[in-house]
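Structure, as structure tokens:
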Number of protein chains: 2
Amino acid sequence: MGELVFVGLGLYDEKDISLRGLEEIKQAGTVFAELYTSLMAGLSIQKLEKLVGKKISIVSRRVLEEEGGQAILQEAEKKKVALLVPGDPLIATTHVDLRIRAEKLGIKTHVIHGASIISAAIGLSGLQNYKYGRSVTIPFPEEGFTSETPYKVIRENKKMGLHTLCFLDIKAEEEKCMTVRDGLEALLATEKRKRNRVITSDTLVIGIARAGSRKSTVKAGYVGDVIKHNFGAPPHTLVFPSKLHFMEAEALITLAGALEQIRKRQK
Amino acid sequence: MGELVFVGLGLYDEKDISLRGLEEIKQAGTVFAELYTSLMAGLSIQKLEKLVGKKISIVSRRVLEEEGGQAILQEAEKKKVALLVPGDPLIATTHVDLRIRAEKLGIKTHVIHGASIISAAIGLSGLQNYKYGRSVTIPFPEEGFTSETPYKVIRENKKMGLHTLCFLDIKAEEEKCMTVRDGLEALLATEKRKRNRVITSDTLVIGIARAGSRKSTVKAGYVGDVIKHNFGAPPHTLVFPSKLHFMEAEALITLAGALEQIRKRQK
């Protein structure tokens, strides 16, 4: 009569877990953590272990993606198992896949939600939630190839008057995190080929760094300026605003240091 | 030298707050809570007061929206003030507005994120995050008038192969929460007028109830069946899937009780 509980750890460090999440971990017989789908820059597993009073086993991408999480499922067939994950669980496809496998084996599953970069970035941007179109991840260029998908998504959203949330690629195993600068450079490289004037040096953009930490940074401005801004340590996120409402422009100026002149972009 | 800290309470009850949020409240001189922008069905203010060891003053919509949060800002000019809000702060425009007012008065602001229905519903749906288009709120019909916006948004998203997350209206002061059934009836009423076959009895839909609680419910199926399903107490949320990937169909069948025949909708 086992059980598998997915516990969201939230955004930044071990203090972002909810009281409910903590309670579930304390009741679990075995505790695993997966830390490669997002970067929790302030997280210390030692501090988290001390907090929950239990040993936490880190599972690799290989265990989850190549072996289908067998090590976790075998434990969860016998007892209550907690799998700790960054952010809100089930946003990463690999967690949904594991949940399906568990339920098919007759293992009950349950989800404890955590703060996610999805809503955090929307909130920190100051832009209205219902004006966001589909989101997209900007991947690291591979062997000189830059994906055109992010460029296309931003373009399509803008045509419809919608904002775009861009997640930036993470290669946890190589300790590589894409920065605001990397992301903008990838988009400018695509612009150079496509020439649709979607991302130019005077395109308005918002850079967000370390959402959820006491030292988070949000900076809005033109690409030419934001690309030179020092955002500090990762993780970083980008938002491309479409036409702004009065209140949205006000938020970018007051809360994110944008210039007064962005008001001319108001609807 | 005051400060205003927005603390997200998360989804369901007082245990959904993060350790970081709890710490901030304990340090605050005055604690306010706003509970009308979302419904936290399991929340007891008495239990929360006991947890934080402080008196919590509830602020009404009038205080925030008509009076611009003056009562909160006056306190925050003098000391550290925590404003507790459901979900993740700053998703509600009224919080962004208050944050701008505070910063203009020279009051430092800070945000403690919480779990939001935005990422929770995406995760619980089992559908892929990057395939969601813009989201929409289905409002209660007013004086017989049903807004056509939700219908249009679902239609446009479907044309682009994108899923739609529909928040359901809440009138906290009247203790009215729109249910899955209410939401589907409003959309079917629009369908009756527009006749674009966007929402019919055999349209695939996912109903989500009480996200974040131990007794959450997720049920996927055709509108004609889901409208008759007993989802229990609010809050409820709707998701309209577009074309499904193999894994998405698998998730709806295994995790949300959809019929095998939905596989025919796969890409």
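Residue numbers start at 1 in each chain; chains themselves are named A, B, ... in the order of the structure tokens; ligands are numbered from 1 in the order shown.
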Legend entry - Check: which chain A residues lie within 6 Å of chain B using only C-alpha atoms, as number ranges by chain: A: 15-20, 90-91, 113-115, 123, 130, 132-136
Those same residues, written as a tab-separated table (two decimals), in the first residue's frame with C-alpha atoms?
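Writing the result to selection18.tsv gives the following:
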```tsv
chain	number	residue	atom	x	y	z
A	15	LYS	CA	12.58	27.92	2.83
A	16	ASP	CA	10.27	28.01	-0.19
A	17	ILE	CA	8.61	24.72	0.70
A	18	SER	CA	5.10	24.93	2.15
A	19	LEU	CA	4.14	23.72	5.61
A	20	ARG	CA	2.01	21.08	3.89
A	90	LEU	CA	4.04	18.26	-13.04
A	91	ILE	CA	5.09	21.26	-15.11
A	113	HIS	CA	2.04	22.45	-5.14
A	114	GLY	CA	4.86	24.97	-4.90
A	115	ALA	CA	5.55	28.44	-6.25
A	123	GLY	CA	3.61	38.75	-11.31
A	130	TYR	CA	-4.67	37.30	-19.31
A	132	TYR	CA	0.15	36.46	-21.94
A	133	GLY	CA	0.15	34.20	-25.00
A	134	ARG	CA	1.92	30.87	-25.16
A	135	SER	CA	5.29	30.64	-23.47
A	136	VAL	CA	8.49	29.23	-24.91
```
Inset, instruction - Could you please write out, as a ChimeraX atom specification, every residue of segment 24-247 of chain A that DSSP assigns to strand (DSSP E or B)? - result: /A:30-34,57-59,80-85,87,108-112,132,136-138,142,145,163-168,170-171,176-177,204-209,217-222,236-240,244
How about saving the chosen residues, N, CA and C atoms kept, as a compact mmCIF listing (two decimals), in the first residue's frame?
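Output (out_24.txt):
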```txt
# COMPACT_ATOMS: atom_id res chain seq x y z
N THR A 30 10.62 7.18 2.52
CA THR A 30 11.82 7.44 1.71
C THR A 30 11.63 8.77 1.00
N VAL A 31 12.71 9.54 0.93
CA VAL A 31 12.62 10.86 0.29
C VAL A 31 13.65 10.98 -0.84
N PHE A 32 13.16 11.24 -2.04
CA PHE A 32 14.03 11.49 -3.19
C PHE A 32 13.92 12.97 -3.57
N ALA A 33 14.92 13.47 -4.27
CA ALA A 33 14.82 14.82 -4.83
C ALA A 33 15.39 14.83 -6.24
N GLU A 34 14.72 15.55 -7.10
CA GLU A 34 15.16 15.71 -8.50
C GLU A 34 15.49 17.18 -8.63
N SER A 57 17.72 11.35 -1.05
CA SER A 57 18.52 10.80 -2.16
C SER A 57 18.25 11.59 -3.43
N ILE A 58 19.33 12.08 -4.03
CA ILE A 58 19.19 12.83 -5.27
C ILE A 58 19.07 11.85 -6.45
N VAL A 59 18.06 12.04 -7.29
CA VAL A 59 17.94 11.20 -8.48
C VAL A 59 18.36 11.98 -9.71
N LYS A 80 5.24 4.99 1.71
CA LYS A 80 5.02 6.36 1.27
C LYS A 80 6.35 6.99 0.88
N VAL A 81 6.42 7.44 -0.36
CA VAL A 81 7.65 8.03 -0.88
C VAL A 81 7.37 9.48 -1.27
N ALA A 82 8.26 10.39 -0.92
CA ALA A 82 8.15 11.78 -1.37
C ALA A 82 9.21 12.04 -2.41
N LEU A 83 8.80 12.62 -3.53
CA LEU A 83 9.77 13.07 -4.54
C LEU A 83 9.73 14.60 -4.55
N LEU A 84 10.82 15.21 -4.12
CA LEU A 84 10.90 16.67 -4.08
C LEU A 84 11.38 17.19 -5.42
N VAL A 85 10.71 18.21 -5.92
CA VAL A 85 11.06 18.76 -7.23
C VAL A 85 11.06 20.29 -7.15
N GLY A 87 10.18 24.13 -8.04
CA GLY A 87 8.99 24.80 -8.57
C GLY A 87 7.71 24.10 -8.20
N LYS A 108 -0.86 4.98 -5.43
CA LYS A 108 -1.58 6.25 -5.33
C LYS A 108 -0.58 7.40 -5.45
N THR A 109 -1.00 8.46 -6.12
CA THR A 109 -0.12 9.63 -6.24
C THR A 109 -0.84 10.86 -5.71
N HIS A 110 -0.05 11.83 -5.31
CA HIS A 110 -0.62 13.04 -4.75
C HIS A 110 0.35 14.19 -5.02
N VAL A 111 -0.17 15.40 -5.14
CA VAL A 111 0.68 16.54 -5.51
C VAL A 111 0.58 17.65 -4.47
N ILE A 112 1.73 18.11 -3.98
CA ILE A 112 1.78 19.30 -3.12
C ILE A 112 2.39 20.41 -3.96
N TYR A 132 -0.97 37.32 -21.56
CA TYR A 132 0.15 36.46 -21.94
C TYR A 132 -0.32 35.41 -22.94
N VAL A 136 7.52 29.98 -24.10
CA VAL A 136 8.49 29.23 -24.91
C VAL A 136 9.82 29.17 -24.14
N THR A 137 10.59 28.13 -24.42
CA THR A 137 11.93 28.04 -23.84
C THR A 137 12.96 28.38 -24.91
N ILE A 138 13.92 29.22 -24.56
CA ILE A 138 15.03 29.51 -25.48
C ILE A 138 16.14 28.51 -25.18
N GLU A 142 22.87 24.55 -30.43
CA GLU A 142 23.63 23.28 -30.47
C GLU A 142 24.38 23.18 -31.79
N PHE A 145 23.60 25.64 -34.32
CA PHE A 145 22.21 25.79 -34.74
C PHE A 145 21.38 26.48 -33.66
N HIS A 163 1.70 39.19 -24.69
CA HIS A 163 3.05 39.13 -24.13
C HIS A 163 3.60 37.71 -24.21
N THR A 164 4.94 37.58 -24.16
CA THR A 164 5.56 36.25 -24.20
C THR A 164 6.52 36.06 -23.03
N LEU A 165 6.30 34.97 -22.31
CA LEU A 165 7.21 34.57 -21.24
C LEU A 165 8.21 33.57 -21.84
N CYS A 166 9.50 33.89 -21.73
CA CYS A 166 10.55 33.01 -22.27
C CYS A 166 11.37 32.41 -21.14
N PHE A 167 11.28 31.11 -20.98
CA PHE A 167 12.14 30.41 -20.04
C PHE A 167 13.50 30.26 -20.70
N LEU A 168 14.55 30.29 -19.90
CA LEU A 168 15.90 30.16 -20.46
C LEU A 168 16.45 28.79 -20.11
N ILE A 170 18.44 25.39 -19.22
CA ILE A 170 19.30 24.99 -18.12
C ILE A 170 19.90 23.64 -18.45
N LYS A 171 21.21 23.51 -18.30
CA LYS A 171 21.84 22.20 -18.39
C LYS A 171 22.45 21.92 -17.03
N LYS A 176 25.28 24.70 -16.42
CA LYS A 176 25.14 25.80 -17.37
C LYS A 176 23.72 26.36 -17.32
N CYS A 177 23.61 27.68 -17.14
CA CYS A 177 22.31 28.34 -17.14
C CYS A 177 22.36 29.46 -18.14
N LEU A 204 11.24 46.47 -26.60
CA LEU A 204 11.07 46.48 -25.14
C LEU A 204 11.15 45.04 -24.60
N VAL A 205 11.89 44.84 -23.52
CA VAL A 205 12.05 43.52 -22.93
C VAL A 205 12.18 43.65 -21.42
N ILE A 206 11.82 42.60 -20.69
CA ILE A 206 11.99 42.58 -19.24
C ILE A 206 12.88 41.41 -18.88
N GLY A 207 13.93 41.68 -18.13
CA GLY A 207 14.79 40.61 -17.62
C GLY A 207 14.49 40.39 -16.14
N ILE A 208 14.39 39.14 -15.73
CA ILE A 208 14.10 38.81 -14.33
C ILE A 208 15.20 37.86 -13.85
N ALA A 209 15.78 38.14 -12.69
CA ALA A 209 16.81 37.26 -12.15
C ALA A 209 16.47 36.85 -10.73
N THR A 217 15.99 40.53 -9.11
CA THR A 217 16.16 41.74 -9.93
C THR A 217 15.17 41.70 -11.08
N VAL A 218 14.50 42.82 -11.31
CA VAL A 218 13.63 42.93 -12.47
C VAL A 218 14.01 44.22 -13.19
N LYS A 219 14.35 44.13 -14.46
CA LYS A 219 14.79 45.32 -15.21
C LYS A 219 14.11 45.34 -16.57
N ALA A 220 13.37 46.40 -16.82
CA ALA A 220 12.71 46.56 -18.12
C ALA A 220 13.40 47.65 -18.91
N GLY A 221 13.49 47.48 -20.20
CA GLY A 221 14.10 48.49 -21.06
C GLY A 221 14.24 47.98 -22.48
N TYR A 222 15.00 48.71 -23.28
CA TYR A 222 15.21 48.28 -24.65
C TYR A 222 16.30 47.21 -24.70
N HIS A 236 17.78 33.18 -14.76
CA HIS A 236 17.21 34.35 -15.41
C HIS A 236 15.99 33.96 -16.24
N THR A 237 15.14 34.94 -16.50
CA THR A 237 13.94 34.73 -17.31
C THR A 237 13.71 35.98 -18.15
N LEU A 238 13.10 35.84 -19.31
CA LEU A 238 12.80 37.00 -20.16
C LEU A 238 11.29 37.12 -20.40
N VAL A 239 10.84 38.36 -20.53
CA VAL A 239 9.45 38.61 -20.94
C VAL A 239 9.48 39.63 -22.06
N PHE A 240 8.77 39.32 -23.16
CA PHE A 240 8.62 40.30 -24.24
C PHE A 240 7.20 40.85 -24.21
N LEU A 244 1.17 47.92 -24.41
CA LEU A 244 0.95 48.06 -22.97
C LEU A 244 -0.29 48.87 -22.64
```
Legend entry - Interatomic distance (Å, one decimal) between atom CA of Ala189 of chain B and atom CA of Glu148 of chain B: 9.6 Å
Legend entry - In segment 61-215 of chain B, DSSP alpha helix (DSSP H) residues written as a ChimeraX atom specification: /B:61,70-76,93-104,117-125,149-159,180-194
